[in-house]
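Scroll down for the structure; my scribbles are underneath it.
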Amino acid sequence: MKNVLIFAEHRQGKTRKITFELASEARRIADALGGTASAVVLGGGAAQLAEELRAYPLDTVYVNEDPAVDGYLLDPVVDYVESAAKAAGPSLVLIPNTLSGRDVAGRLIVRLGAGIVADVVELSVEDGAVVCVSPKLGGVLVTHCALRPGEYGVATVRPSAFAAARGGGGAAVVELERLHKTYPAAIEDDVEEGATEMALEEAPAVVAGGRGLGGPEPFETLLKPLAAALGGAVGASRAAADAGWVPYNLQIGQTGKTVTPKLYIAVGISGAIQHKVGMRASGTIVAINKDAAAPIAEFSDLLVVGDAFRIVPELTKLIEKAKGNHS
Amino acid sequence: MKIVVTVKLVPDPNAEKKIDAQTKRLVRSGVETVLNPYDEYALEAALQLKERAGGDSRVTVFSMSPEPLRETLRKALAMGADDAVLLSDSGLEGSDVWATAYASAAALRKLEFDILVVGGLTDDSSTGAVPGALAEHLGLPCVTNARKIDLTDGGLQVERETDVGYQSVRAPLPALLTTALTFGEPRYASLKGIMGAKKKSIATTTLGELALEFPVGTAGSKTDLRSFAPPPPRGQGRTVEAADGAAGAQAIFEFLQEKKLV
């Protein structure tokens with residue numbers, strides 16, 4: 001494996017920050033391996049995103065706007081990523097650790113006879129082999145796992161693990177050969193539900209609420225303004241999701257999402273193990289709780305014992321004021 | 001209709017896990033082995049499909065696990081599965097995702113089914129790559145994150161979750177499905193189910209019966225686990241008692257400034 005290929009996931013040309021994080025990291029690893037860095041972009045809007053990717057230090061961007069990509073489940077995507085990987089030669093394929101990223105990765109390891117490391121947060125090259133660092137068991141263990149140097153390898157990468165840096169650029173855009181195939185699993189309807197707010201997994205700050213909030217309103221009136229002031233997103237504990245106060249896609253924890261923001265603020269969350277495994281790897285953890293003995297005290301960097309309903313609005317004001325002073 | 005559901009046996013996710021400082025291994029004592037929680041949703045989906053298809057429909061549970069864990073599969077049988085097949089062989093030890101999917105696919109191929117339901121993630125390693133790899137090996141349509149599944153004439157109509165909403169998908173049978181956690185809570189085993197499970201069959205398959213072309217276990221794995229260790233410990237946190245809202249907010253604000261987060 002000498003080269004690095006990234007799978008650029010997008011929706012009609014609109015992508016997330018992770019695509020650019022992967023592009024930047026691909027360059028660094030390709031340089032360490034002495035190979036090339038490329039991207040593959042597929043489906044409607046691919047040409048537009050390919051153009052955007054040219055601002056990043058890639059050598060080649062493989063593109064195909066085959067409408068089959070948006071008409072069927074991931075089968076055409078897997079076909080084209082396989083074509084791009086074979087065009088690039090034995091490569092490390094970097095894929096975002098997202099719902100569809102994981103599906104693509106699973107299919108691809110069989111097509112390419114590749115090893116896979118999931119949920120990677122750090123990459124390095126040691127004696128010609130790519131070594132992937134990834135937390136397991138909800139962060140209890142951190143593993144270092146090497147991919148075989150001579151073969152293909154796949155890593156699904158955690159959002160926000162790497163920094164996105166523009167530079168280099170001017171990548172050659174190469175059109176992959178159109179496949180003209182039909183596939184068994186057809187998409188009949190593709191619906192965006194609710195506001196497309198910042199993805200919880202990618203937010204640099206997460207403000208999460210739990211049972212202590214007592215109902216759905218404080219998520220809107222207390223947490224949302226604080227999250228907005230911090231440029232982050234709102235999350236919830238299982239108790240809040242089970243009570244129907246927020247949709248399940250905001251749930252953080254063992255049966256919900258795993259988040260690793262720079263700042264995690266837990267409001268009225270006791271900190272059951274179920275919740276802990278979904279956020280313990282956050283950079284800084286602040287908890288606001290009525291109960292000084294709540295389990296969250298054991299894994300927060302700062303616990304403020306007090307009334308969240310009074311503290312949060314004051315905190316939001318302080319942060320907004322500080323931001324105002326800077327701009 | 002024949003439905004197969006794969007389950008993985010994992011250390012209880014609700015137990016606090018510790019790493020032995022000397023051996024750097026997970027302390028297993030006192031931590032029970034359970035069905036991977038995500039797989040219980042897959043099993044629930046399989047059981048509902050069986051109920052809807054009616055007739056002589058059956059649900060078979062499949063697991064690649066060490067032989068001593070076989071009795072853990074009784075829980076799946078108690079929930080309503082009809083029988084279980086265990087793929088167990090010392091030659092599978094050390095198998096990575098590629099080798100696991102390869103060996104499992106060979107064993108699943110022998111089971112013949114209309115629908116294969118797989119849990120979306122595993123609690124212990126969260127790879128999420130196994131369903132896709134199985135679909136690829138078995139040449140099946142791969143419909144993941146299903147929150148609503150309907151049987152249609154010769155196929156499936158599925159509503160599946162995406163990162164931004166949902167998709168309606170149509171796929172022919174046989175097919176592979178994975179379930180989203182919004183599919184619905186897994187059922188509890190009834191007392192009758194628990195009693196009945198004692199008489200249900202758990203068959204064992206070994207590598208010898210699969211005649212695999214490629215090696216599995218450590219030798220057949222395409223990744224090399226170099227080290228594993230607990231992450232660096234988080235420093236002792238502080239606790240501040242807030243007299244009122246302003247004092248609490250000030251304490252947090254100063255802390256965030258100190259950490260350069262605001």
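By order in the structure tokens, chains are A, B, ...; within a chain, residues start at 1; ligands start at 1, following the order shown.
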
Can you list every residue of chain A that has an atom at most 6 Å from chain B, with its nearest atom pair and the distance in Å to one decimal, using only C-alpha atoms, ordered by chain then number, as CSV?
residue,atom,partner,partner_atom,distance
A:Arg102,CA,B:Ala129,CA,5.5
A:Asp103,CA,B:Gly132,CA,5.2
A:Gly106,CA,B:Ala129,CA,3.9
A:Arg107,CA,B:Gly132,CA,4.6
A:Val110,CA,B:Ala133,CA,5.9
A:Gly115,CA,B:Lys222,CA,4.4
A:Ala118,CA,B:Thr127,CA,5.0
A:Lys136,CA,B:Ser125,CA,5.2
A:Leu137,CA,B:Asp124,CA,4.6
A:Val140,CA,B:Pro230,CA,5.7
A:Leu141,CA,B:Pro230,CA,4.5
A:Val142,CA,B:Ala229,CA,5.4
A:Thr143,CA,B:Phe228,CA,4.2
A:His144,CA,B:Ser227,CA,5.2
A:Cys145,CA,B:Leu225,CA,4.3
A:Ala146,CA,B:Asp224,CA,5.0
A:Leu147,CA,B:Thr223,CA,4.9
A:Pro184,CA,B:Ala171,CA,5.8
A:Ala185,CA,B:Ala171,CA,4.5
A:Ala186,CA,B:Arg170,CA,5.4
A:Ile187,CA,B:Val169,CA,4.6
A:Glu188,CA,B:Ser168,CA,5.4
A:Asp189,CA,B:Ser168,CA,4.9
A:Asp190,CA,B:Gln167,CA,4.4
A:Val191,CA,B:Tyr166,CA,5.3
A:Glu192,CA,B:Gly165,CA,4.4
A:Glu193,CA,B:Gly165,CA,4.3
A:Ser300,CA,B:Gly237,CA,5.8
A:Asp301,CA,B:Gly237,CA,4.0
A:Leu302,CA,B:Arg238,CA,4.9
A:Leu303,CA,B:Thr239,CA,4.6
A:Val304,CA,B:Val240,CA,4.8
A:Val305,CA,B:Glu241,CA,4.8
A:Gly306,CA,B:Ala242,CA,5.2
A:Arg310,CA,B:Gly245,CA,4.4
A:Ile311,CA,B:Gly245,CA,4.0
A:Glu314,CA,B:Ala249,CA,5.6
A:Leu315,CA,B:Ala249,CA,4.5

I'd like the contact shell of region 257-271 of chain A - 7 Å cut-off, only C-alpha atoms, skipping same-chain residues fewer than 5 positions apart - returned as an MDAnalysis selection string.
chainID A and resid 201 203:213 237 251:252 276 278:279 281:289 294:296 308

Include C-alpha atoms and write out the residues we just selected as a compact mmCIF listing (two decimals), in the first residue's frame.
# COMPACT_ATOMS: atom_id res chain seq x y z
CA GLU A 201 -20.89 13.79 15.85
CA ALA A 203 -19.99 19.50 16.51
CA PRO A 204 -16.97 21.06 18.27
CA ALA A 205 -19.18 21.66 21.32
CA VAL A 206 -22.12 19.60 22.55
CA VAL A 207 -24.64 20.77 25.14
CA ALA A 208 -26.60 17.75 26.30
CA GLY A 209 -29.66 17.60 28.55
CA GLY A 210 -31.05 14.83 30.69
CA ARG A 211 -33.81 13.89 33.07
CA GLY A 212 -33.02 16.94 35.24
CA LEU A 213 -34.52 19.23 32.59
CA SER A 237 -29.33 11.39 27.46
CA GLN A 251 -29.39 10.55 22.01
CA ILE A 252 -25.80 10.18 23.13
CA LYS A 276 -20.75 7.81 29.73
CA GLY A 278 -20.98 7.90 24.35
CA MET A 279 -19.11 11.00 25.52
CA ALA A 281 -13.64 10.74 25.08
CA SER A 282 -14.69 14.41 24.82
CA GLY A 283 -11.92 16.97 25.31
CA THR A 284 -13.29 18.90 28.29
CA ILE A 285 -16.38 17.82 30.21
CA VAL A 286 -18.44 20.28 32.26
CA ALA A 287 -21.47 19.13 34.23
CA ILE A 288 -24.25 21.17 35.78
CA ASN A 289 -26.21 19.15 38.30
CA ALA A 294 -24.16 12.29 40.75
CA PRO A 295 -21.93 9.73 38.98
CA ILE A 296 -21.02 12.32 36.35
CA ALA A 308 -29.29 24.70 35.65

I want to know what sits within 8 Å of Ser24 (chain A), based on only C-alpha atoms, with residues of the same chain fewer than 4 positions away left out; could you give that as an MDAnalysis selection string?
chainID A and resid 20 28 56:57 163:166

Which parts of region 190-248 of chain A does DSSP call strand (DSSP E or B) when run on the backbone here, written out as a compact mmCIF listing (two decimals) with C-alpha atoms, in the first residue's frame?
# COMPACT_ATOMS: atom_id res chain seq x y z
CA ASP A 190 -35.22 9.98 0.03
CA VAL A 191 -36.50 12.34 2.69
CA GLU A 192 -34.72 14.90 4.86
CA ALA A 205 -19.18 21.66 21.32
CA VAL A 206 -22.12 19.60 22.55
CA VAL A 207 -24.64 20.77 25.14
CA ALA A 208 -26.60 17.75 26.30
CA GLY A 209 -29.66 17.60 28.55
CA ALA A 233 -25.11 21.21 18.83
CA VAL A 234 -27.70 19.95 21.34
CA GLY A 235 -27.69 16.34 22.51
CA ALA A 236 -29.56 14.32 25.10
